[in-house]
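Engineer: File name target20.txt; file contents compact mmCIF, N, CA and C atoms; full text below.
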```
# COMPACT_ATOMS: atom_id res chain seq x y z
N MET B 1098 20.99 -2.85 25.26
CA MET B 1098 21.13 -4.29 25.11
C MET B 1098 20.10 -4.98 25.99
N HIS B 1099 19.48 -6.01 25.47
CA HIS B 1099 18.43 -6.72 26.19
C HIS B 1099 18.89 -8.15 26.48
N ASN B 1100 18.57 -8.65 27.66
CA ASN B 1100 18.84 -10.04 27.97
C ASN B 1100 17.61 -10.66 28.63
N GLU B 1101 17.65 -11.95 28.85
CA GLU B 1101 16.49 -12.68 29.38
C GLU B 1101 16.09 -12.22 30.78
N LEU B 1102 17.00 -11.65 31.52
CA LEU B 1102 16.72 -11.22 32.89
C LEU B 1102 16.15 -9.81 32.97
N ASN B 1103 16.17 -9.08 31.86
CA ASN B 1103 15.78 -7.67 31.84
C ASN B 1103 16.63 -6.84 32.80
N LEU B 1104 17.88 -7.20 32.93
CA LEU B 1104 18.87 -6.44 33.69
C LEU B 1104 19.93 -6.01 32.69
N ASP B 1105 19.78 -4.82 32.15
CA ASP B 1105 20.60 -4.38 31.02
C ASP B 1105 22.05 -4.09 31.38
N LEU B 1106 22.38 -3.97 32.66
CA LEU B 1106 23.76 -3.67 33.06
C LEU B 1106 24.57 -4.93 33.34
N TYR B 1107 24.01 -6.09 33.00
CA TYR B 1107 24.68 -7.36 33.23
C TYR B 1107 24.77 -8.14 31.92
N ASN B 1108 25.87 -8.84 31.76
CA ASN B 1108 26.09 -9.70 30.61
C ASN B 1108 25.95 -11.15 31.08
N ILE B 1109 25.09 -11.92 30.44
CA ILE B 1109 24.90 -13.32 30.82
C ILE B 1109 26.01 -14.15 30.20
N LYS B 1110 26.81 -14.81 31.06
CA LYS B 1110 27.92 -15.64 30.59
C LYS B 1110 27.49 -17.09 30.38
N ASP B 1111 26.58 -17.58 31.22
CA ASP B 1111 26.15 -18.96 31.16
C ASP B 1111 24.82 -19.08 31.90
N TRP B 1112 24.06 -20.12 31.62
CA TRP B 1112 22.83 -20.38 32.37
C TRP B 1112 22.54 -21.86 32.36
N LYS B 1113 21.86 -22.30 33.41
CA LYS B 1113 21.47 -23.69 33.56
C LYS B 1113 20.02 -23.75 33.99
N GLU B 1114 19.37 -24.84 33.61
CA GLU B 1114 17.96 -25.03 33.94
C GLU B 1114 17.75 -26.46 34.41
N ASP B 1115 16.93 -26.63 35.44
CA ASP B 1115 16.46 -27.97 35.81
C ASP B 1115 14.95 -27.90 35.98
N ASP B 1116 14.36 -28.87 36.60
CA ASP B 1116 12.90 -28.94 36.70
C ASP B 1116 12.29 -27.79 37.51
N TYR B 1117 13.06 -27.23 38.46
CA TYR B 1117 12.50 -26.23 39.36
C TYR B 1117 13.24 -24.90 39.37
N ASN B 1118 14.40 -24.82 38.75
CA ASN B 1118 15.24 -23.64 38.88
C ASN B 1118 15.86 -23.20 37.56
N TYR B 1119 16.13 -21.89 37.49
CA TYR B 1119 17.04 -21.33 36.50
C TYR B 1119 18.20 -20.76 37.30
N ASN B 1120 19.42 -20.91 36.79
CA ASN B 1120 20.57 -20.27 37.41
C ASN B 1120 21.39 -19.61 36.31
N PHE B 1121 21.56 -18.29 36.44
CA PHE B 1121 22.30 -17.51 35.46
C PHE B 1121 23.62 -17.07 36.06
N LEU B 1122 24.70 -17.20 35.30
CA LEU B 1122 26.01 -16.67 35.68
C LEU B 1122 26.20 -15.38 34.90
N VAL B 1123 26.36 -14.26 35.61
CA VAL B 1123 26.43 -12.95 34.96
C VAL B 1123 27.64 -12.18 35.46
N GLU B 1124 27.98 -11.12 34.72
CA GLU B 1124 28.99 -10.16 35.15
C GLU B 1124 28.51 -8.78 34.74
N THR B 1125 28.97 -7.75 35.44
CA THR B 1125 28.54 -6.40 35.11
C THR B 1125 29.28 -5.92 33.87
N ILE B 1126 28.68 -4.96 33.19
CA ILE B 1126 29.33 -4.38 32.02
C ILE B 1126 29.80 -2.96 32.31
N LEU B 1127 29.76 -2.56 33.58
CA LEU B 1127 30.18 -1.22 33.99
C LEU B 1127 31.65 -1.20 34.34
N SER B 1128 32.30 -0.08 34.10
CA SER B 1128 33.66 0.09 34.59
C SER B 1128 33.58 0.50 36.06
N PRO B 1129 34.62 0.24 36.85
CA PRO B 1129 34.55 0.55 38.28
C PRO B 1129 34.48 2.06 38.50
N PRO B 1130 33.79 2.46 39.58
CA PRO B 1130 33.73 3.90 39.90
C PRO B 1130 35.05 4.36 40.48
N ALA B 1131 35.11 5.60 40.89
CA ALA B 1131 36.30 6.13 41.53
C ALA B 1131 36.53 5.43 42.86
N CYS B 1132 37.74 5.51 43.34
CA CYS B 1132 38.10 4.91 44.63
C CYS B 1132 37.22 5.48 45.74
N PRO B 1133 36.70 4.64 46.64
CA PRO B 1133 35.88 5.14 47.74
C PRO B 1133 36.62 6.11 48.65
N MET B 1134 37.94 6.11 48.59
CA MET B 1134 38.73 7.03 49.42
C MET B 1134 38.96 8.37 48.73
N GLY B 1135 38.46 8.52 47.49
CA GLY B 1135 38.54 9.79 46.80
C GLY B 1135 39.72 9.94 45.84
N CYS B 1136 40.48 8.90 45.62
CA CYS B 1136 41.62 8.96 44.70
C CYS B 1136 41.14 8.94 43.25
N PRO B 1137 41.96 9.41 42.32
CA PRO B 1137 41.58 9.29 40.91
C PRO B 1137 41.51 7.82 40.50
N PRO B 1138 40.70 7.49 39.49
CA PRO B 1138 40.52 6.09 39.10
C PRO B 1138 41.76 5.47 38.47
N ASP B 1139 42.52 4.76 39.26
CA ASP B 1139 43.70 4.03 38.80
C ASP B 1139 43.73 2.72 39.58
N PHE B 1140 43.20 1.64 38.98
CA PHE B 1140 42.98 0.39 39.70
C PHE B 1140 43.75 -0.76 39.09
N GLN B 1141 43.87 -1.79 39.89
CA GLN B 1141 44.30 -3.08 39.38
C GLN B 1141 43.32 -4.12 39.92
N ARG B 1142 43.12 -5.18 39.17
CA ARG B 1142 42.22 -6.24 39.65
C ARG B 1142 42.87 -6.92 40.84
N PHE B 1143 42.02 -7.28 41.80
CA PHE B 1143 42.53 -7.84 43.05
C PHE B 1143 41.70 -9.02 43.50
N GLY B 1144 41.19 -9.78 42.54
CA GLY B 1144 40.42 -10.98 42.87
C GLY B 1144 38.99 -10.87 42.41
N ARG B 1145 38.27 -11.95 42.61
CA ARG B 1145 36.85 -12.02 42.29
C ARG B 1145 36.21 -13.12 43.12
N LYS B 1146 34.90 -13.05 43.23
CA LYS B 1146 34.15 -14.11 43.89
C LYS B 1146 32.77 -14.18 43.26
N LYS B 1147 32.14 -15.31 43.43
CA LYS B 1147 30.80 -15.51 42.90
C LYS B 1147 29.80 -15.39 44.04
N GLN B 1148 28.80 -14.54 43.84
CA GLN B 1148 27.76 -14.33 44.85
C GLN B 1148 26.41 -14.63 44.23
N LEU B 1149 25.58 -15.35 44.98
CA LEU B 1149 24.25 -15.73 44.51
C LEU B 1149 23.21 -14.73 45.00
N TYR B 1150 22.40 -14.24 44.08
CA TYR B 1150 21.28 -13.35 44.37
C TYR B 1150 20.03 -13.99 43.82
N MET B 1151 18.94 -13.91 44.56
CA MET B 1151 17.67 -14.47 44.10
C MET B 1151 16.88 -13.40 43.36
N ASP B 1152 16.04 -13.85 42.43
CA ASP B 1152 15.25 -12.94 41.61
C ASP B 1152 13.81 -13.45 41.57
N THR B 1153 12.93 -12.69 40.96
CA THR B 1153 11.54 -13.11 40.83
C THR B 1153 11.44 -14.34 39.94
N THR B 1154 10.39 -15.10 40.11
CA THR B 1154 10.23 -16.34 39.36
C THR B 1154 10.04 -16.07 37.87
N MET B 1155 10.42 -17.05 37.07
CA MET B 1155 10.26 -16.98 35.62
C MET B 1155 9.75 -18.34 35.16
N HIS B 1156 8.64 -18.36 34.45
CA HIS B 1156 8.03 -19.61 33.97
C HIS B 1156 7.75 -20.57 35.13
N SER B 1157 7.33 -20.03 36.25
CA SER B 1157 7.03 -20.78 37.48
C SER B 1157 8.24 -21.53 38.04
N LYS B 1158 9.45 -21.02 37.79
CA LYS B 1158 10.67 -21.60 38.34
C LYS B 1158 11.42 -20.52 39.13
N ARG B 1159 12.12 -20.95 40.17
CA ARG B 1159 12.96 -20.03 40.93
C ARG B 1159 14.12 -19.56 40.05
N VAL B 1160 14.55 -18.32 40.28
CA VAL B 1160 15.66 -17.77 39.48
C VAL B 1160 16.77 -17.35 40.43
N GLY B 1161 17.94 -17.91 40.21
CA GLY B 1161 19.13 -17.52 40.94
C GLY B 1161 20.10 -16.84 39.98
N ILE B 1162 20.66 -15.73 40.40
CA ILE B 1162 21.62 -15.00 39.58
C ILE B 1162 22.96 -15.04 40.31
N THR B 1163 23.91 -15.73 39.75
CA THR B 1163 25.25 -15.79 40.33
C THR B 1163 26.09 -14.72 39.65
N VAL B 1164 26.52 -13.73 40.42
CA VAL B 1164 27.28 -12.61 39.89
C VAL B 1164 28.76 -12.91 40.09
N ASP B 1165 29.52 -12.86 39.01
CA ASP B 1165 30.97 -12.99 39.06
C ASP B 1165 31.51 -11.59 39.39
N ARG B 1166 31.64 -11.33 40.69
CA ARG B 1166 31.94 -9.99 41.19
C ARG B 1166 33.44 -9.74 41.27
N LYS B 1167 33.86 -8.58 40.79
CA LYS B 1167 35.28 -8.24 40.75
C LYS B 1167 35.68 -7.38 41.93
N ARG B 1168 36.89 -7.58 42.40
CA ARG B 1168 37.47 -6.77 43.47
C ARG B 1168 38.62 -5.98 42.89
N PHE B 1169 38.79 -4.75 43.34
CA PHE B 1169 39.83 -3.87 42.83
C PHE B 1169 40.68 -3.33 43.97
N ARG B 1170 41.89 -2.93 43.62
CA ARG B 1170 42.78 -2.26 44.57
C ARG B 1170 43.27 -0.97 43.94
N CYS B 1171 43.15 0.11 44.68
CA CYS B 1171 43.59 1.42 44.21
C CYS B 1171 45.12 1.47 44.23
N LYS B 1172 45.71 1.88 43.14
CA LYS B 1172 47.18 1.97 43.07
C LYS B 1172 47.71 3.16 43.87
N GLN B 1173 46.86 4.15 44.15
CA GLN B 1173 47.28 5.33 44.89
C GLN B 1173 47.35 5.08 46.40
N CYS B 1174 46.26 4.51 46.96
CA CYS B 1174 46.17 4.39 48.42
C CYS B 1174 46.12 2.93 48.90
N SER B 1175 46.13 1.96 48.00
CA SER B 1175 46.09 0.52 48.30
C SER B 1175 44.79 0.07 48.96
N HIS B 1176 43.75 0.89 48.90
CA HIS B 1176 42.44 0.51 49.44
C HIS B 1176 41.80 -0.50 48.49
N THR B 1177 41.22 -1.58 49.03
CA THR B 1177 40.53 -2.57 48.20
C THR B 1177 39.02 -2.38 48.34
N PHE B 1178 38.31 -2.68 47.27
CA PHE B 1178 36.86 -2.54 47.28
C PHE B 1178 36.26 -3.42 46.19
N TRP B 1179 34.99 -3.80 46.42
CA TRP B 1179 34.25 -4.60 45.45
C TRP B 1179 33.51 -3.69 44.50
N GLU B 1180 33.29 -4.16 43.28
CA GLU B 1180 32.50 -3.37 42.34
C GLU B 1180 31.08 -3.26 42.86
N THR B 1181 30.44 -2.15 42.56
CA THR B 1181 29.05 -1.98 42.97
C THR B 1181 28.16 -2.76 42.00
N LEU B 1182 27.07 -3.27 42.52
CA LEU B 1182 26.15 -4.07 41.71
C LEU B 1182 24.82 -3.34 41.59
N PRO B 1183 24.57 -2.71 40.42
CA PRO B 1183 23.28 -2.06 40.25
C PRO B 1183 22.16 -3.10 40.22
N ASP B 1184 21.01 -2.71 40.68
CA ASP B 1184 19.80 -3.56 40.70
C ASP B 1184 19.88 -4.70 41.71
N MET B 1185 20.90 -4.75 42.56
CA MET B 1185 21.03 -5.83 43.55
C MET B 1185 21.02 -5.23 44.96
N ASP B 1186 20.42 -5.95 45.90
CA ASP B 1186 20.41 -5.57 47.31
C ASP B 1186 21.46 -6.43 48.01
N ASP B 1187 22.58 -5.81 48.39
CA ASP B 1187 23.69 -6.54 49.01
C ASP B 1187 23.39 -7.03 50.42
N VAL B 1188 22.40 -6.47 51.08
CA VAL B 1188 22.07 -6.90 52.43
C VAL B 1188 21.23 -8.18 52.39
N ARG B 1189 20.27 -8.23 51.48
CA ARG B 1189 19.34 -9.37 51.41
C ARG B 1189 19.71 -10.39 50.35
N PHE B 1190 20.74 -10.10 49.56
CA PHE B 1190 21.19 -10.99 48.47
C PHE B 1190 20.04 -11.36 47.54
N MET B 1191 19.36 -10.32 47.05
CA MET B 1191 18.30 -10.49 46.06
C MET B 1191 18.25 -9.24 45.20
N THR B 1192 17.56 -9.35 44.08
CA THR B 1192 17.41 -8.19 43.21
C THR B 1192 16.47 -7.19 43.87
N ASN B 1193 16.57 -5.93 43.48
CA ASN B 1193 15.68 -4.89 44.04
C ASN B 1193 14.23 -5.15 43.68
N ARG B 1194 13.96 -5.74 42.52
CA ARG B 1194 12.57 -5.98 42.13
C ARG B 1194 11.93 -7.12 42.93
N LEU B 1195 12.72 -7.99 43.54
CA LEU B 1195 12.16 -9.05 44.37
C LEU B 1195 11.77 -8.48 45.72
```
Please go through the file and, once you have read it, give me the structure as structure tokens.
Structural biologist:
Amino acid sequence: MHNELNLDLYNIKDWKEDDYNYNFLVETILSPPACPMGCPPDFQRFGRKKQLYMDTTMHSKRVGITVDRKRFRCKQCSHTFWETLPDMDDVRFMTNRL
């Protein structure tokens, strides 16, 4: 699947444009991995938050990608964790290509 961002593991839910910026609202299309504590995959949703990541410019405008990030809780051990975001650098809050 192809999208305007060339990030195939994300689904674009909405986007906005002004004179200087593009802002895309996206979500991942991956299922959550196994529990970080090693339990079998048996999760329940435990919240979400929106995080802004910057990307390379497009059409001479800044690009912001707001990820609607999901949080999960393991039903076995009650450990909570955020979904992993491929192609994103969680330390610098930008895409790996930037």
Engineer: Sorted by chain and rising residue number, list the residues of segment 1120-1144 of chain B at most 5 Å from segment 1166-1188 of chain B (counting all atoms listed in the file), each with its closest atom pair and distance in Å to one decimal, as a Markdown table.
Structural biologist:
```
| residue | atom | partner | partner_atom | distance |
| --- | --- | --- | --- | --- |
| B:Asp1139 | C | B:Lys1172 | N | 4.2 |
| B:Phe1140 | CA | B:Arg1170 | C | 4.5 |
| B:Gln1141 | C | B:Arg1170 | N | 4.1 |
| B:Arg1142 | CA | B:Phe1169 | CA | 4.6 |
| B:Phe1143 | N | B:Arg1168 | C | 3.8 |
| B:Gly1144 | C | B:Arg1168 | N | 3.9 |
```
Engineer: Which one of B:Met1151, B:Ala1131, B:Cys1136, B:Val1160 sits closest to Tyr1117 of chain B if you count all atoms listed in the file?
Structural biologist: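 Closest to Tyr1117 of chain B of all the choices is B:Val1160.
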Engineer: In Å to one decimal, how far is atom C of Ile1162 of chain B from atom CA of Phe1121 of chain B?
Structural biologist: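 That distance, rounded to one decimal, is 5.5 Å.
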Engineer: Tell me which of B:Leu1122, B:Met1191, B:Met1134, B:Leu1127 sits closest to Thr1163 of chain B, counting only C-alpha atoms.
Structural biologist: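 Checking each of B:Leu1122, B:Met1191, B:Met1134, B:Leu1127 against Thr1163 of chain B, counting only C-alpha atoms, the winner is B:Leu1122.
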Engineer: Taking the DSSP secondary structure from the backbone, can you list the residues of segment 1098-1159 of chain B that are strand (DSSP E), as a ChimeraX atom specification?
Structural biologist: /B:1107-1114,1118-1125,1140-1155,1158-1159
Engineer: With N, CA and C atoms kept, could you save the residues just selected as a CSV table (one decimal), keeping the file's coordinate frame?
Structural biologist:
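Once everything was written out, this is result.csv:
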```csv
chain,number,residue,atom,x,y,z
B,1107,TYR,N,24.0,-6.1,33.0
B,1107,TYR,CA,24.7,-7.4,33.2
B,1107,TYR,C,24.8,-8.1,31.9
B,1108,ASN,N,25.9,-8.8,31.8
B,1108,ASN,CA,26.1,-9.7,30.6
B,1108,ASN,C,26.0,-11.2,31.1
B,1109,ILE,N,25.1,-11.9,30.4
B,1109,ILE,CA,24.9,-13.3,30.8
B,1109,ILE,C,26.0,-14.2,30.2
B,1110,LYS,N,26.8,-14.8,31.1
B,1110,LYS,CA,27.9,-15.6,30.6
B,1110,LYS,C,27.5,-17.1,30.4
B,1111,ASP,N,26.6,-17.6,31.2
B,1111,ASP,CA,26.2,-19.0,31.2
B,1111,ASP,C,24.8,-19.1,31.9
B,1112,TRP,N,24.1,-20.1,31.6
B,1112,TRP,CA,22.8,-20.4,32.4
B,1112,TRP,C,22.5,-21.9,32.4
B,1113,LYS,N,21.9,-22.3,33.4
B,1113,LYS,CA,21.5,-23.7,33.6
B,1113,LYS,C,20.0,-23.8,34.0
B,1114,GLU,N,19.4,-24.8,33.6
B,1114,GLU,CA,18.0,-25.0,33.9
B,1114,GLU,C,17.8,-26.5,34.4
B,1118,ASN,N,14.4,-24.8,38.8
B,1118,ASN,CA,15.2,-23.6,38.9
B,1118,ASN,C,15.9,-23.2,37.6
B,1119,TYR,N,16.1,-21.9,37.5
B,1119,TYR,CA,17.0,-21.3,36.5
B,1119,TYR,C,18.2,-20.8,37.3
B,1120,ASN,N,19.4,-20.9,36.8
B,1120,ASN,CA,20.6,-20.3,37.4
B,1120,ASN,C,21.4,-19.6,36.3
B,1121,PHE,N,21.6,-18.3,36.4
B,1121,PHE,CA,22.3,-17.5,35.5
B,1121,PHE,C,23.6,-17.1,36.1
B,1122,LEU,N,24.7,-17.2,35.3
B,1122,LEU,CA,26.0,-16.7,35.7
B,1122,LEU,C,26.2,-15.4,34.9
B,1123,VAL,N,26.4,-14.3,35.6
B,1123,VAL,CA,26.4,-13.0,35.0
B,1123,VAL,C,27.6,-12.2,35.5
B,1124,GLU,N,28.0,-11.1,34.7
B,1124,GLU,CA,29.0,-10.2,35.2
B,1124,GLU,C,28.5,-8.8,34.7
B,1125,THR,N,29.0,-7.8,35.4
B,1125,THR,CA,28.5,-6.4,35.1
B,1125,THR,C,29.3,-5.9,33.9
B,1140,PHE,N,43.2,1.6,39.0
B,1140,PHE,CA,43.0,0.4,39.7
B,1140,PHE,C,43.8,-0.8,39.1
B,1141,GLN,N,43.9,-1.8,39.9
B,1141,GLN,CA,44.3,-3.1,39.4
B,1141,GLN,C,43.3,-4.1,39.9
B,1142,ARG,N,43.1,-5.2,39.2
B,1142,ARG,CA,42.2,-6.2,39.6
B,1142,ARG,C,42.9,-6.9,40.8
B,1143,PHE,N,42.0,-7.3,41.8
B,1143,PHE,CA,42.5,-7.8,43.0
B,1143,PHE,C,41.7,-9.0,43.5
B,1144,GLY,N,41.2,-9.8,42.5
B,1144,GLY,CA,40.4,-11.0,42.9
B,1144,GLY,C,39.0,-10.9,42.4
B,1145,ARG,N,38.3,-12.0,42.6
B,1145,ARG,CA,36.8,-12.0,42.3
B,1145,ARG,C,36.2,-13.1,43.1
B,1146,LYS,N,34.9,-13.0,43.2
B,1146,LYS,CA,34.2,-14.1,43.9
B,1146,LYS,C,32.8,-14.2,43.3
B,1147,LYS,N,32.1,-15.3,43.4
B,1147,LYS,CA,30.8,-15.5,42.9
B,1147,LYS,C,29.8,-15.4,44.0
B,1148,GLN,N,28.8,-14.5,43.8
B,1148,GLN,CA,27.8,-14.3,44.8
B,1148,GLN,C,26.4,-14.6,44.2
B,1149,LEU,N,25.6,-15.4,45.0
B,1149,LEU,CA,24.2,-15.7,44.5
B,1149,LEU,C,23.2,-14.7,45.0
B,1150,TYR,N,22.4,-14.2,44.1
B,1150,TYR,CA,21.3,-13.4,44.4
B,1150,TYR,C,20.0,-14.0,43.8
B,1151,MET,N,18.9,-13.9,44.6
B,1151,MET,CA,17.7,-14.5,44.1
B,1151,MET,C,16.9,-13.4,43.4
B,1152,ASP,N,16.0,-13.8,42.4
B,1152,ASP,CA,15.2,-12.9,41.6
B,1152,ASP,C,13.8,-13.4,41.6
B,1153,THR,N,12.9,-12.7,41.0
B,1153,THR,CA,11.5,-13.1,40.8
B,1153,THR,C,11.4,-14.3,39.9
B,1154,THR,N,10.4,-15.1,40.1
B,1154,THR,CA,10.2,-16.3,39.4
B,1154,THR,C,10.0,-16.1,37.9
B,1155,MET,N,10.4,-17.0,37.1
B,1155,MET,CA,10.3,-17.0,35.6
B,1155,MET,C,9.8,-18.3,35.2
B,1158,LYS,N,9.4,-21.0,37.8
B,1158,LYS,CA,10.7,-21.6,38.3
B,1158,LYS,C,11.4,-20.5,39.1
B,1159,ARG,N,12.1,-21.0,40.2
B,1159,ARG,CA,13.0,-20.0,40.9
B,1159,ARG,C,14.1,-19.6,40.0
```
Engineer: Quick one: what's the axis-aligned box for segment 1122-1135 of chain B, all listed atoms, 4 Å on every side, centre and edges in Å to one decimal, as AutoDock Vina command-line options?
Structural biologist:
```
--center_x 32.2 --center_y -3.6 --center_z 40.7 --size_x 23.0 --size_y 35.1 --size_z 25.4
```
Engineer: What separation in Å, quoted to one decimal, exists between atom CA of Cys1132 of chain B and atom CA of Ile1109 of chain B?
Structural biologist: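 Going from atom CA of Cys1132 of chain B over to atom CA of Ile1109 of chain B, I get 26.4 Å.
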Engineer: If you measure from atom N of Lys1147 of chain B to atom CA of Gly1161 of chain B, what distance in Å do you get, rounded to one decimal?
Structural biologist: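 Computed distance, atom N of Lys1147 of chain B to atom CA of Gly1161 of chain B, equals 13.4 Å.
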Engineer: Return the single residue from B:Thr1125, B:Pro1133, B:Lys1113, B:Thr1192 that is closest to Asp1165 of chain B, with distances computed using only N, CA and C atoms.
Structural biologist: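 Of the candidates, the smallest distance to Asp1165 of chain B is held by B:Thr1125.
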